[in-house]
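Q: Sending over a structure as structure tokens; questions will come in a sec.
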Amino acid sequence: MTKKHPESRWLLACATLLLACGAVASDKAAVAAHVDDARLLNAAKEPQNWLIYGGGWSEQHYSPLKSIDATNVSRLKPTWSFDFDTYRGQEATPVVVDGVMYVSSAWSKVFALDAKTGKALWSYDPKVPGPAALPLCCDVVNRGVAVYKGKVYVGTIDARLIALDAATGAVVWSVATAPADSTYSITGAPRVARDKVFIGNGGGEFGGRGYVSAYDAASGKLVWRFYVVPGAPHAKADGAASDEILEKLARPTWFGDDWYRYGGGGHTWNALTYDADLQQLYLATGNGFPWNREFRSAGKGDNLFISSIVALDVDTGQYKWHYQETPGDQWDYDAVQNMTLAELDIRGEKRKVLMHAPKNGFFYVLDRRSGEVLSAEPYVTVTWAKKVDLNTGRPEEIAGARYGLAPTLIAPGAGGAHNWHPMAFSPLTGLVYIPATEASMPFRAVANFKFGEQLFTNIGVDFSAYHGNAAHGATTAPPARPVPAAPPQNFVLAWDPVTQKARWRAEGRGGGLLTTAGDLVIQGRTRAGALGELVAFRADTGERLWSYPTPNGITAAPSTYSVDGEQFIAAASGASSTSVSGAPTRMRHLGRVVAFKLDGKATLPAEAPPALPANPPSTVAAAIETAAGQKRYDAYCARCHGFQGASGNVIPDLRRSLLLTNKDGWDEVVLRGALTERGMVSWSKFLSPEDADHIRAYIGEMARALQQQEAR
Ligand code: CA
């Protein structure tokens, strides 16, 4: 490790910049951040701004701006780009208020940029400790900030909620939203309204109970908290807004005594939506924990309020209604996807609706006054349920979908028909645009499941069928019987929420969406080799109108705004680890914000250099060693570094690592935590020196296979 880490280089540059432009910048930002409830309510009247994560309070990811439109989008060119200090995943949608862009980056850092030029005004680093990266499924990402009454709010990987002075980036207050050393994390954007900041948490693959908290926006004092699932029976009440309703509605839907020891899940890690019409806050809740209901709730029960939309009184956190999309979820069907509020004509009646396309593959239209399900139809192939019965609101499950020890192919898979990447709704076309996926996955229960200390094997699902690997996390699993899953297909799906029918579809692997009054749908995409592009489609027909190559893949949803009458479209680039697959053949660029306008004059950095060659050792390892190494690797390493050593190019691909042929260096990292600050902690608690050798032997053989493959 002789090469200086780019983060330190960047910090120097940033410090210099702050000295140079601090004073001027502060004045501008001080005015810019005065977003209050009146402005949030009337967001549509100031289309030059992108006031919150989803654009306006109805979170349609829609902008009335139309100076960039279907007729001139071909002139769209980069006008500036701003480099972050990291190669890690970027998922944030920039918030723009009066010419200032507030955007978060990996490790929960926050940047204020001049939205016209990309010049840094200030930056903030919450200094998240490296080990906080461990209880995360999908890298140290952050999806965005909230801006309100002169402050910028961000949640951190180690579950703090922090208020920054929007003028300077100085910390105004900081609270721990979860106990220290717990497995809770925050990657989602906070929401703000009525002098409160709302934040949920992640960690639904690692145990614990999900909850959402409201803090006083000025002081950081806790106002209310709502737990999504009940706590242990006979335990002291939480003293939370959820106490009564959990006893009344939720507890009777849980069985056995395992769930409260494991936590139960229901983490609200992505979307919260504030309904300024009805003064409600909607929670979009996650999967149950463990995934497998057999081990969670004695194989029965709906397990409220997992995989649900829950409406709360915004001021008190008191329960108003809920709708559970996947009762007794068994397939990691998080219902955390973004919720879109609108008014639609349904069967001749104007209804205030909430639209939702969760992982489970059904598109839901709910009445947001009552939670009544108005319609629900599959928007991709669905094999776990036949349909949703509108009389009972319940899905009609297909026999056998609740898998046992035999691998059972289910669609959608655990990645979902739609993940966190925001869908968008255009009131002009009346269409919802979903970044959708057709995928299936063989589910199989872990044999003799025993809750242990492992991080990712406690979900009660055996992935060996999925990856074709030897069983892990199981003591006496039957031999793996791999069921081939069809390769996933990704596409933008234009969906009519009234008729519940597809209007058009555009193939390609992409991220969150933006739609505009210029008849455009904009999506960042990931191309082979981890490169990216920004693409524009016609909103009414799906015709592909324009694209521009970007150095990194894009998964974050873009936003649009205008400064001095000129419209910009901006996106954070740097696809997150779960969005890139295969064996990227190039190194990675730093994450960055890229801003486009008509006839922009900026150039983006060239393609990154080729990836390092595969680095197998000179002698072939014994099969018994590689087999032992694979077992350990699958259980502890694959979650971040990728199965068979094939990484998504965010976390290093170990097959190309120089340490593969350097035992001391390898042990320094694996057993003694030399890279702890980047999240690669010492694994000596779980792995013996012999295990570390075996893993190195296994990856060495994976490297040999890669070398042969690349030679061909
Ligand atoms: Ca999940």
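In the structure tokens, chains take letters A, B, ... by order of appearance, with residues numbered from 1 within each chain and ligands from 1 in the order shown.
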If we count only C-alpha atoms and set the cut-off at 9 Å, which residues sit around stretch 628-634 of chain A, ignoring sequence neighbours fewer than 5 positions away in its own chain? Please answer as a list of chain:residue names.

A: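 After dropping sequence-adjacent residues, the list is A:Asn469, A:Ala470, A:Ala471, A:His472, A:Ala623, A:Arg639, A:Gly642, A:Phe643, A:Gln644, A:Gly645, A:Leu687, A:Asp691, A:Ala692, A:Asp693, A:His694, A:Ile695, A:Arg696, A:Ala697, A:Tyr698, A:Ile699.
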
Q: Do you know which residues are at most 8 Å from stretch 44-57 of chain A counting only C-alpha atoms, after dropping those on the same chain fewer than 2 positions away, and could you put them as a ChimeraX atom specification?

A: /A:35,40-42,59-65,93-99,144-147,189,191,273-276,559-563,567

Q: Next, dump the selected residues to file, keeping only C-alpha atoms, as a PDB file, in the first residue's frame.

A:
```pdb
ATOM      1  CA  VAL A  35     -37.670  25.733   3.104  1.00  0.00           C
ATOM      2  CA  LEU A  40     -43.223  22.268   0.774  1.00  0.00           C
ATOM      3  CA  LEU A  41     -46.989  22.444   0.306  1.00  0.00           C
ATOM      4  CA  ASN A  42     -46.595  24.629  -2.789  1.00  0.00           C
ATOM      5  CA  GLU A  59     -42.805  12.396  -4.284  1.00  0.00           C
ATOM      6  CA  GLN A  60     -43.655  11.868  -7.921  1.00  0.00           C
ATOM      7  CA  HIS A  61     -40.066  12.394  -9.092  1.00  0.00           C
ATOM      8  CA  TYR A  62     -41.708  14.693 -11.633  1.00  0.00           C
ATOM      9  CA  SER A  63     -40.775  18.232 -12.629  1.00  0.00           C
ATOM     10  CA  PRO A  64     -42.950  20.770 -14.479  1.00  0.00           C
ATOM     11  CA  LEU A  65     -39.769  22.172 -16.078  1.00  0.00           C
ATOM     12  CA  THR A  93     -30.753  12.240  -5.493  1.00  0.00           C
ATOM     13  CA  PRO A  94     -29.528  15.849  -5.260  1.00  0.00           C
ATOM     14  CA  VAL A  95     -31.837  18.300  -3.469  1.00  0.00           C
ATOM     15  CA  VAL A  96     -31.634  21.795  -4.989  1.00  0.00           C
ATOM     16  CA  VAL A  97     -32.862  24.932  -3.255  1.00  0.00           C
ATOM     17  CA  ASP A  98     -32.395  28.392  -4.777  1.00  0.00           C
ATOM     18  CA  GLY A  99     -29.264  27.616  -6.718  1.00  0.00           C
ATOM     19  CA  GLY A 144     -30.038  11.825   0.170  1.00  0.00           C
ATOM     20  CA  VAL A 145     -30.610  14.697   2.557  1.00  0.00           C
ATOM     21  CA  ALA A 146     -33.557  16.808   3.659  1.00  0.00           C
ATOM     22  CA  VAL A 147     -33.434  20.614   3.803  1.00  0.00           C
ATOM     23  CA  ALA A 189     -33.146  10.153   3.073  1.00  0.00           C
ATOM     24  CA  ARG A 191     -38.174  13.600   5.450  1.00  0.00           C
ATOM     25  CA  THR A 273     -43.657   9.950   2.619  1.00  0.00           C
ATOM     26  CA  TYR A 274     -45.339  12.980   4.117  1.00  0.00           C
ATOM     27  CA  ASP A 275     -48.861  13.664   2.843  1.00  0.00           C
ATOM     28  CA  ALA A 276     -49.355  17.428   3.112  1.00  0.00           C
ATOM     29  CA  SER A 559     -33.151  15.458 -10.286  1.00  0.00           C
ATOM     30  CA  THR A 560     -33.794  18.571 -12.364  1.00  0.00           C
ATOM     31  CA  TYR A 561     -33.804  22.275 -11.489  1.00  0.00           C
ATOM     32  CA  SER A 562     -33.128  25.632 -13.047  1.00  0.00           C
ATOM     33  CA  VAL A 563     -30.807  28.506 -12.245  1.00  0.00           C
ATOM     34  CA  GLN A 567     -32.688  23.977 -16.821  1.00  0.00           C
TER      35      GLN A 567
END
```

Q: Using only C-alpha atoms and all ligand atoms, which of A:Gly286, A:Gly511, A:Pro422, A:Pro652 sits nearest ligand 1?

A: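 When distances to ligand 1 are compared using only C-alpha atoms and all ligand atoms, the smallest one comes from A:Gly286.
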
Q: List all protein, DNA and RNA residues that have any atom at most 8 Å from ligand 1, counting only C-alpha atoms and all ligand atoms, and write the list as an NGL selection string.

A: :A and (204-205 or 286-287 or 332-334 or 414)

Q: Counting only C-alpha atoms, which of A:Gly665, A:Gly518, A:Gly202, A:Gly256 gets nearest to A:Trp269?

A: A:Gly202

Q: If you run DSSP on the backbone here, which positions in stretch 354-531 of chain A get alpha helix (DSSP H)? Please write them as JSON, numbers by chain.

A: {"A": [464, 465, 466, 467]}

Q: Go through A:Leu312, A:Leu164, A:Val373, A:Ile245 one by one, measure the shortest atom-to-atom distance of each to A:Ile346 using only C-alpha atoms, and give the residue with the smallest value.

A: A:Val373

Q: What is the atom CA of A:Gly150 to atom CA of A:Asp165 distance in Å?

A: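 Rounded to one decimal, the two atoms are 6.4 Å apart.
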
Q: Could you check the closest approach to A:Gly208 for each of A:Leu534, A:Met587, A:Ala178, A:Val128 and tell me which residue wins, using only C-alpha atoms?

A: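 For A:Gly208, the nearest of the candidates is A:Ala178.
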
Q: Env of A:Val192: 7 Å cut, atoms = only C-alpha atoms, seq-sep filter 5 positions within chain, self excluded. Answer as number ranges by chain.

A: A: 146, 148, 197-198

Q: Keeping only all heavy atoms, write the selected residues to a file as a CSV table (one decimal), in the first residue's frame.

A:
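Ended up saving to again_23.csv:
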```
chain,number,residue,atom,x,y,z
A,146,ALA,N,-32.4,16.0,3.6
A,146,ALA,CA,-33.6,16.8,3.7
A,146,ALA,C,-33.1,18.2,4.1
A,146,ALA,O,-32.1,18.4,4.8
A,146,ALA,CB,-34.6,16.3,4.7
A,148,TYR,N,-34.5,22.0,5.5
A,148,TYR,CA,-35.7,22.6,6.1
A,148,TYR,C,-35.2,23.7,7.1
A,148,TYR,O,-34.3,23.5,7.9
A,148,TYR,CB,-36.4,21.5,6.9
A,148,TYR,CG,-37.7,21.9,7.6
A,148,TYR,CD1,-38.8,22.1,6.8
A,148,TYR,CD2,-37.9,22.0,8.9
A,148,TYR,CE1,-40.1,22.4,7.3
A,148,TYR,CE2,-39.1,22.2,9.5
A,148,TYR,CZ,-40.2,22.4,8.7
A,148,TYR,OH,-41.4,22.7,9.3
A,197,VAL,N,-38.3,16.0,11.9
A,197,VAL,CA,-37.5,15.3,11.0
A,197,VAL,C,-37.9,13.8,11.2
A,197,VAL,O,-37.8,13.3,12.3
A,197,VAL,CB,-36.0,15.4,11.2
A,197,VAL,CG1,-35.2,14.9,10.0
A,197,VAL,CG2,-35.6,16.9,11.4
A,198,PHE,N,-38.2,13.1,10.1
A,198,PHE,CA,-38.5,11.7,10.2
A,198,PHE,C,-37.5,10.8,9.7
A,198,PHE,O,-36.9,11.1,8.6
A,198,PHE,CB,-39.9,11.4,9.5
A,198,PHE,CG,-40.9,12.4,9.9
A,198,PHE,CD1,-41.2,13.5,9.0
A,198,PHE,CD2,-41.6,12.3,11.1
A,198,PHE,CE1,-42.2,14.4,9.4
A,198,PHE,CE2,-42.6,13.2,11.4
A,198,PHE,CZ,-42.9,14.3,10.6
```
